[in-house]
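The file upload13.pdb contains PDB, C-alpha atoms, pLDDT in the B column:
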ATOM      1  CA  ASP A   1     -77.615  81.098 118.721  1.00 87.00           C
ATOM      2  CA  VAL A   2     -76.932  80.506 122.405  1.00 91.00           C
ATOM      3  CA  GLY A   3     -79.080  77.385 122.474  1.00 91.00           C
ATOM      4  CA  GLN A   4     -76.956  75.848 119.722  1.00 92.00           C
ATOM      5  CA  ILE A   5     -73.752  76.892 121.491  1.00 91.00           C
ATOM      6  CA  VAL A   6     -74.890  75.242 124.738  1.00 91.00           C
ATOM      7  CA  GLU A   7     -75.910  72.094 122.844  1.00 93.00           C
ATOM      8  CA  THR A   8     -72.515  71.999 121.121  1.00 89.00           C
ATOM      9  CA  LEU A   9     -70.719  72.335 124.456  1.00 88.00           C
ATOM     10  CA  GLU A  10     -72.760  69.495 125.937  1.00 89.00           C
ATOM     11  CA  THR A  11     -71.915  67.333 122.926  1.00 90.00           C
ATOM     12  CA  LEU A  12     -68.206  68.094 123.287  1.00 85.00           C
ATOM     13  CA  ARG A  13     -68.353  67.201 126.977  1.00 85.00           C
ATOM     14  CA  SER A  14     -69.775  63.802 126.077  1.00 88.00           C
ATOM     15  CA  HIS A  15     -66.613  63.069 124.047  1.00 89.00           C
ATOM     16  CA  PHE A  16     -63.846  64.875 125.962  1.00 81.00           C
ATOM     17  CA  ARG A  17     -62.952  64.935 129.636  1.00 78.00           C
ATOM     18  CA  ARG A  18     -62.558  68.455 131.015  1.00 71.00           C
ATOM     19  CA  PRO A  19     -60.701  69.140 134.265  1.00 68.00           C
ATOM     20  CA  LYS A  20     -62.698  70.903 136.946  1.00 68.00           C
ATOM     21  CA  ASP A  21     -60.416  73.939 136.751  1.00 69.00           C
ATOM     22  CA  GLY A  22     -60.433  74.024 132.946  1.00 73.00           C
ATOM     23  CA  ASP A  23     -61.619  77.052 131.041  1.00 81.00           C
ATOM     24  CA  VAL A  24     -64.382  77.321 128.461  1.00 86.00           C
ATOM     25  CA  ALA A  25     -64.144  80.567 126.512  1.00 88.00           C
ATOM     26  CA  ILE A  26     -66.244  82.388 123.963  1.00 91.00           C
ATOM     27  CA  GLU A  27     -66.115  85.727 122.153  1.00 90.00           C
ATOM     28  CA  LEU A  28     -69.324  87.743 121.819  1.00 91.00           C
ATOM     29  CA  ASP A  29     -70.368  90.721 119.734  1.00 90.00           C
ATOM     30  CA  PRO A  30     -72.086  93.105 122.190  1.00 90.00           C
ATOM     31  CA  GLN A  31     -74.345  94.304 119.392  1.00 87.00           C
ATOM     32  CA  ARG A  32     -75.802  90.806 119.026  1.00 89.00           C
ATOM     33  CA  ALA A  33     -75.677  89.404 122.562  1.00 91.00           C
ATOM     34  CA  ASP A  34     -78.186  90.192 125.279  1.00 90.00           C
ATOM     35  CA  ASP A  35     -78.146  89.966 129.069  1.00 89.00           C
ATOM     36  CA  ASP A  36     -79.871  86.584 129.098  1.00 93.00           C
ATOM     37  CA  ASP A  37     -77.231  85.175 126.728  1.00 94.00           C
ATOM     38  CA  VAL A  38     -74.529  85.888 129.309  1.00 95.00           C
ATOM     39  CA  ARG A  39     -76.546  84.191 132.056  1.00 95.00           C
ATOM     40  CA  ARG A  40     -77.219  81.100 129.927  1.00 95.00           C
ATOM     41  CA  LEU A  41     -73.574  80.824 128.865  1.00 95.00           C
ATOM     42  CA  ALA A  42     -72.401  81.130 132.482  1.00 94.00           C
ATOM     43  CA  GLU A  43     -74.884  78.478 133.597  1.00 93.00           C
ATOM     44  CA  ALA A  44     -73.652  76.195 130.802  1.00 91.00           C
ATOM     45  CA  GLY A  45     -70.100  76.423 132.144  1.00 89.00           C
ATOM     46  CA  PHE A  46     -68.404  79.182 130.167  1.00 91.00           C
ATOM     47  CA  THR A  47     -65.700  80.646 132.400  1.00 90.00           C
ATOM     48  CA  ARG A  48     -64.265  83.314 130.064  1.00 90.00           C
ATOM     49  CA  ILE A  49     -66.268  85.737 127.958  1.00 93.00           C
ATOM     50  CA  THR A  50     -64.532  88.252 125.699  1.00 92.00           C
ATOM     51  CA  LEU A  51     -66.570  91.073 124.211  1.00 93.00           C
ATOM     52  CA  ILE A  52     -65.383  92.339 120.841  1.00 88.00           C
ATOM     53  CA  THR A  53     -66.029  96.076 120.871  1.00 82.00           C
ATOM     54  CA  ASN A  54     -65.032  96.739 117.256  1.00 72.00           C
ATOM     55  CA  THR A  55     -66.393  94.727 114.373  1.00 64.00           C
ATOM     56  CA  LEU A  56     -65.359  95.570 110.804  1.00 58.00           C
ATOM     57  CA  LYS A  57     -68.681  97.389 110.409  1.00 63.00           C
ATOM     58  CA  SER A  58     -68.176  99.510 113.521  1.00 62.00           C
ATOM     59  CA  LEU A  59     -64.704 100.598 112.411  1.00 64.00           C
ATOM     60  CA  LEU A  60     -66.279 103.010 109.952  1.00 69.00           C
ATOM     61  CA  GLU A  61     -69.101 104.227 112.195  1.00 79.00           C
ATOM     62  CA  SER A  62     -69.417 107.545 113.981  1.00 85.00           C
ATOM     63  CA  HIS A  63     -68.200 108.246 117.501  1.00 87.00           C
ATOM     64  CA  GLU A  64     -71.796 108.172 118.746  1.00 90.00           C
ATOM     65  CA  ALA A  65     -72.302 104.694 117.287  1.00 89.00           C
ATOM     66  CA  ARG A  66     -69.045 103.481 118.827  1.00 89.00           C
ATOM     67  CA  MET A  67     -70.107 104.848 122.207  1.00 91.00           C
ATOM     68  CA  ARG A  68     -73.379 102.909 121.995  1.00 91.00           C
ATOM     69  CA  VAL A  69     -71.283  99.756 121.529  1.00 90.00           C
ATOM     70  CA  ALA A  70     -69.058 100.743 124.481  1.00 93.00           C
ATOM     71  CA  HIS A  71     -72.071 101.199 126.784  1.00 95.00           C
ATOM     72  CA  ARG A  72     -73.570  97.897 125.648  1.00 94.00           C
ATOM     73  CA  CYS A  73     -70.239  96.163 126.181  1.00 94.00           C
ATOM     74  CA  ALA A  74     -69.962  97.642 129.677  1.00 96.00           C
ATOM     75  CA  GLU A  75     -73.457  96.434 130.526  1.00 96.00           C
ATOM     76  CA  LEU A  76     -72.600  92.888 129.434  1.00 96.00           C
ATOM     77  CA  ILE A  77     -69.342  92.962 131.421  1.00 96.00           C
ATOM     78  CA  ARG A  78     -71.361  93.853 134.537  1.00 96.00           C
ATOM     79  CA  HIS A  79     -73.648  90.901 133.829  1.00 96.00           C
ATOM     80  CA  CYS A  80     -70.560  88.661 133.560  1.00 96.00           C
ATOM     81  CA  HIS A  81     -69.564  89.748 137.071  1.00 95.00           C
ATOM     82  CA  VAL A  82     -73.053  89.133 138.454  1.00 95.00           C
ATOM     83  CA  ASP A  83     -73.405  85.764 136.711  1.00 95.00           C
ATOM     84  CA  GLY A  84     -70.075  84.449 137.996  1.00 92.00           C
ATOM     85  CA  VAL A  85     -68.001  84.435 134.814  1.00 93.00           C
ATOM     86  CA  ARG A  86     -64.415  83.939 136.013  1.00 90.00           C
ATOM     87  CA  VAL A  87     -62.775  86.215 133.417  1.00 89.00           C
ATOM     88  CA  ALA A  88     -64.645  88.959 131.575  1.00 93.00           C
ATOM     89  CA  ALA A  89     -62.535  90.659 128.908  1.00 93.00           C
ATOM     90  CA  ALA A  90     -62.910  93.422 126.349  1.00 94.00           C
ATOM     91  CA  HIS A  91     -61.120  93.402 123.004  1.00 89.00           C
ATOM     92  CA  LEU A  92     -60.740  96.822 121.413  1.00 87.00           C
ATOM     93  CA  PHE A  93     -58.982  98.749 118.666  1.00 82.00           C
ATOM     94  CA  HIS A  94     -57.624 102.263 119.008  1.00 80.00           C
ATOM     95  CA  GLY A  95     -56.697 104.847 116.388  1.00 77.00           C
ATOM     96  CA  LEU A  96     -59.901 104.369 114.384  1.00 79.00           C
ATOM     97  CA  PRO A  97     -60.953 106.641 111.498  1.00 77.00           C
ATOM     98  CA  GLY A  98     -61.825 110.115 112.749  1.00 78.00           C
ATOM     99  CA  GLN A  99     -61.231 109.133 116.371  1.00 81.00           C
ATOM    100  CA  THR A 100     -59.687 111.941 118.424  1.00 84.00           C
ATOM    101  CA  GLY A 101     -57.754 111.540 121.674  1.00 85.00           C
ATOM    102  CA  PRO A 102     -60.694 112.752 123.814  1.00 89.00           C
ATOM    103  CA  GLN A 103     -63.081 110.408 121.986  1.00 90.00           C
ATOM    104  CA  LEU A 104     -60.759 107.454 122.580  1.00 89.00           C
ATOM    105  CA  ALA A 105     -60.459 108.421 126.264  1.00 91.00           C
ATOM    106  CA  GLU A 106     -64.270 108.587 126.542  1.00 93.00           C
ATOM    107  CA  PHE A 107     -64.605 105.150 124.947  1.00 93.00           C
ATOM    108  CA  LEU A 108     -61.959 103.668 127.250  1.00 94.00           C
ATOM    109  CA  GLY A 109     -63.575 105.335 130.263  1.00 96.00           C
ATOM    110  CA  VAL A 110     -66.865 103.526 129.680  1.00 96.00           C
ATOM    111  CA  ILE A 111     -65.120 100.162 129.246  1.00 96.00           C
ATOM    112  CA  THR A 112     -62.796 100.470 132.248  1.00 96.00           C
ATOM    113  CA  ALA A 113     -65.619 101.681 134.511  1.00 97.00           C
ATOM    114  CA  ALA A 114     -67.220  98.242 134.066  1.00 96.00           C
ATOM    115  CA  ARG A 115     -63.974  96.654 135.384  1.00 96.00           C
ATOM    116  CA  PRO A 116     -63.349  93.807 132.952  1.00 95.00           C
ATOM    117  CA  HIS A 117     -60.642  91.515 134.296  1.00 92.00           C
ATOM    118  CA  ARG A 118     -58.684  91.737 131.054  1.00 90.00           C
ATOM    119  CA  ILE A 119     -58.409  94.232 128.214  1.00 92.00           C
ATOM    120  CA  ILE A 120     -56.827  93.283 124.907  1.00 89.00           C
ATOM    121  CA  GLU A 121     -55.865  96.288 122.791  1.00 88.00           C
ATOM    122  CA  HIS A 122     -54.830  96.479 119.161  1.00 81.00           C
ATOM    123  CA  GLY A 123     -53.881  99.469 117.096  1.00 74.00           C
ATOM    124  CA  ARG A 124     -55.144 100.259 113.636  1.00 63.00           C
ATOM    125  CA  GLU A 125     -51.881  98.870 112.198  1.00 58.00           C
ATOM    126  CA  HIS A 126     -53.390  95.397 112.664  1.00 54.00           C
ATOM    127  CA  LEU A 127     -56.056  96.362 110.154  1.00 58.00           C
ATOM    128  CA  GLY A 128     -53.640  97.262 107.343  1.00 59.00           C
ATOM    129  CA  SER A 129     -55.225  99.432 104.677  1.00 59.00           C
ATOM    130  CA  LEU A 130     -58.770  98.923 106.011  1.00 57.00           C
ATOM    131  CA  VAL A 131     -58.588 102.153 107.997  1.00 55.00           C
ATOM    132  CA  PRO A 132     -56.644 105.370 107.410  1.00 57.00           C
ATOM    133  CA  GLN A 133     -53.845 106.705 109.589  1.00 59.00           C
ATOM    134  CA  PRO A 134     -54.860 108.678 112.708  1.00 57.00           C
ATOM    135  CA  ALA A 135     -54.781 112.460 112.620  1.00 57.00           C
ATOM    136  CA  ALA A 136     -51.384 114.148 112.780  1.00 56.00           C
ATOM    137  CA  GLY A 137     -50.231 114.667 116.353  1.00 60.00           C
ATOM    138  CA  GLU A 138     -52.510 111.957 117.758  1.00 68.00           C
ATOM    139  CA  ASP A 139     -50.852 109.055 119.598  1.00 80.00           C
ATOM    140  CA  PRO A 140     -53.667 106.574 120.255  1.00 81.00           C
ATOM    141  CA  LEU A 141     -51.362 103.914 121.696  1.00 82.00           C
ATOM    142  CA  ARG A 142     -49.966 106.328 124.298  1.00 85.00           C
ATOM    143  CA  THR A 143     -53.510 107.496 125.127  1.00 86.00           C
ATOM    144  CA  THR A 144     -54.680 103.887 125.533  1.00 89.00           C
ATOM    145  CA  ILE A 145     -51.782 102.750 127.719  1.00 89.00           C
ATOM    146  CA  GLY A 146     -51.961 105.886 129.871  1.00 90.00           C
ATOM    147  CA  HIS A 147     -55.699 105.550 130.410  1.00 91.00           C
ATOM    148  CA  LEU A 148     -55.531 101.838 131.242  1.00 93.00           C
ATOM    149  CA  GLN A 149     -52.710 102.365 133.728  1.00 92.00           C
ATOM    150  CA  GLU A 150     -54.555 105.246 135.386  1.00 94.00           C
ATOM    151  CA  ALA A 151     -57.597 102.958 135.669  1.00 94.00           C
ATOM    152  CA  GLY A 152     -55.508 100.390 137.583  1.00 92.00           C
ATOM    153  CA  TYR A 153     -54.679  97.957 134.770  1.00 93.00           C
ATOM    154  CA  HIS A 154     -51.224  96.426 134.474  1.00 89.00           C
ATOM    155  CA  ARG A 155     -49.600  95.409 131.213  1.00 86.00           C
ATOM    156  CA  THR A 156     -49.054  91.628 131.222  1.00 81.00           C
ATOM    157  CA  SER A 157     -47.960  91.180 127.601  1.00 77.00           C
ATOM    158  CA  ILE A 158     -47.636  93.239 124.455  1.00 77.00           C
ATOM    159  CA  HIS A 159     -51.395  93.679 123.937  1.00 82.00           C
ATOM    160  CA  GLN A 160     -52.845  92.466 127.243  1.00 85.00           C
ATOM    161  CA  PHE A 161     -53.759  94.421 130.361  1.00 90.00           C
ATOM    162  CA  ALA A 162     -55.134  92.971 133.592  1.00 89.00           C
ATOM    163  CA  LEU A 163     -56.547  94.140 136.884  1.00 89.00           C
ATOM    164  CA  PRO A 164     -54.668  93.111 140.047  1.00 82.00           C
ATOM    165  CA  ASP A 165     -55.953  90.038 141.841  1.00 70.00           C
ATOM    166  CA  VAL A 166     -58.586  91.149 144.340  1.00 54.00           C
ATOM    167  CA  ARG A 167     -57.042  88.951 147.051  1.00 51.00           C
ATOM    168  CA  THR A 168     -53.376  89.906 146.680  1.00 47.00           C
ATOM    169  CA  GLY A 169     -53.570  93.286 144.962  1.00 51.00           C
ATOM    170  CA  GLU A 170     -50.929  92.046 142.514  1.00 56.00           C
ATOM    171  CA  VAL A 171     -50.797  90.918 138.912  1.00 58.00           C
ATOM    172  CA  ALA A 172     -48.688  87.800 139.089  1.00 54.00           C
ATOM    173  CA  VAL A 173     -46.913  86.836 135.866  1.00 53.00           C
ATOM    174  CA  TRP A 174     -44.612  83.873 136.388  1.00 49.00           C
ATOM    175  CA  PRO A 175     -42.306  82.032 133.955  1.00 47.00           C
ATOM    176  CA  GLU A 176     -44.720  79.107 133.928  1.00 51.00           C
ATOM    177  CA  HIS A 177     -47.464  81.291 132.481  1.00 56.00           C
ATOM    178  CA  HIS A 178     -48.233  80.443 128.883  1.00 61.00           C
ATOM    179  CA  ARG A 179     -49.832  82.639 126.252  1.00 60.00           C
ATOM    180  CA  ASN A 180     -52.714  81.224 124.283  1.00 59.00           C
ATOM    181  CA  PHE A 181     -55.793  82.659 122.654  1.00 58.00           C
ATOM    182  CA  LEU A 182     -57.452  82.885 126.068  1.00 55.00           C
ATOM    183  CA  GLY A 183     -54.686  85.140 127.366  1.00 58.00           C
ATOM    184  CA  LEU A 184     -52.282  84.024 130.081  1.00 58.00           C
ATOM    185  CA  ASP A 185     -52.708  80.542 131.514  1.00 61.00           C
ATOM    186  CA  MET A 186     -50.832  78.409 134.029  1.00 56.00           C
ATOM    187  CA  ARG A 187     -51.494  75.175 132.170  1.00 60.00           C
ATOM    188  CA  GLY A 188     -49.065  75.206 129.255  1.00 61.00           C
ATOM    189  CA  ASP A 189     -49.200  71.444 128.757  1.00 66.00           C
ATOM    190  CA  CYS A 190     -52.977  71.214 128.429  1.00 68.00           C
ATOM    191  CA  ASP A 191     -54.845  70.533 125.237  1.00 71.00           C
ATOM    192  CA  LEU A 192     -56.853  73.263 123.543  1.00 71.00           C
ATOM    193  CA  LEU A 193     -59.972  72.330 121.641  1.00 73.00           C
ATOM    194  CA  GLY A 194     -61.258  75.029 119.287  1.00 75.00           C
ATOM    195  CA  LEU A 195     -64.532  75.173 117.421  1.00 73.00           C
ATOM    196  CA  GLY A 196     -65.674  77.829 114.985  1.00 74.00           C
ATOM    197  CA  ILE A 197     -64.445  80.080 112.209  1.00 68.00           C
ATOM    198  CA  GLY A 198     -61.617  81.581 114.269  1.00 58.00           C
TER
END

Show how you would write the structure in this file as structure tokens.
Amino acid sequence: DVGQIVETLETLRSHFRRPKDGDVAIELDPQRADDDDVRRLAEAGFTRITLITNTLKSLLESHEARMRVAHRCAELIRHCHVDGVRVAAAHLFHGLPGQTGPQLAEFLGVITAARPHRIIEHGREHLGSLVPQPAAGEDPLRTTIGHLQEAGYHRTSIHQFALPDVRTGEVAVWPEHHRNFLGLDMRGDCDLLGLGIG
């Protein structure tokens, strides 16, 4: 639970020095996290929160169930903004079983309306045989990219989209940017400390 996560972070801080501009990241399932969890994690020093919109269970659910997850995810993203989380991100799959183009657009519309700083997209091909192919004539990747670009997101890497910086209006991607599990980072020579199943 969040109390254990905060305790673990405090324990890690007692053994490792963390630079003031360092990042502390966590992934949350919007179906299990609540608004107070986001506040407590932000207060504890988490600077990046990624919401996973599709769990293995939700991959086989109905469109209505997926939309409930999208609305919950959007609500938590808004709390991230209010609570001062530096980077709020949403991780989503497209081309799910029975998902039509309009349904995917509706799902994306709810997520992008909450304005997460980053969106990480993956197609069903990452799931192998867990889910069937999309319906003939559907192009979920094209729908996803088109919707994200129309919503103001810029592609920064093969699966990553980002909003422009509010100060400059630009998405700056420089050669010194490095890709890690947090996304793009300027500090390629820093150490990463991971804890958990992932």

For the file shown, what are the residues hit by the PyMOL selection byres ((chain A and resi 142) around 12), laid out as a PyMOL selection string? chain A and resi 94-95+101+104-105+121+123+137-141+143-149

Between atom CA of Arg72 of chain A and atom CA of Ala113 of chain A, what is the distance in Å, rounded to a tenth?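 A separation of 12.5 Å between them.
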
What gap, in Å, lies between atom CA of Met67 of chain A and atom CA of Arg32 of chain A? 15.5 Å

If I take atom CA of Gly3 of chain A and atom CA of Leu28 of chain A, how far is one from the other in Å, to one decimal? 14.2 Å

For the provided coordinates, the residues matched by the PyMOL selection byres ((chain A and resi 83) around 8) should be stated as a PyMOL selection string. chain A and resi 38-39+42+79-82+84-85

Apply the PyMOL selection byres ((chain A and resi 52-54) around 10) to the structure shown and report the selected residues as a ChimeraX atom specification. /A:27-31,49-51,55-61,66-67,69-74,89-94,96,111,120

Residue among A:Asp1, A:Glu43, A:Asp23, A:Asp35 lying closest to Gly194 of chain A, counting all atoms listed in the file: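 Nearest to Gly194 of chain A: A:Asp23.
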
Give, as JSON, the centre coordinates and the x, y and z edge lengths in Å to one decimal for an axis-aligned box around all listed atoms of segment 79-92 of chain A, padded by 4 Å on each side.
{"center_x": -67.2, "center_y": 90.4, "center_z": 129.9, "size_x": 20.9, "size_y": 20.9, "size_z": 25.0}

Would you please work out which residue, of A:Leu108, A:Ile77, A:Val87, A:Leu192, is nearest to Ala162 of chain A when using only C-alpha atoms? A:Val87

Using all atoms listed in the file, which of the listed residues (A:Leu195, A:Ala44, A:Ala25, A:Ala151) sits closest to Glu7 of chain A?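 Checking each of A:Leu195, A:Ala44, A:Ala25, A:Ala151 against Glu7 of chain A, counting all atoms listed in the file, the winner is A:Ala44.
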
Within 10 Å of Ile5 of chain A using only C-alpha atoms, minus same-chain residues under 5 positions, as a ChimeraX atom specification: /A:10-11,26,41,44
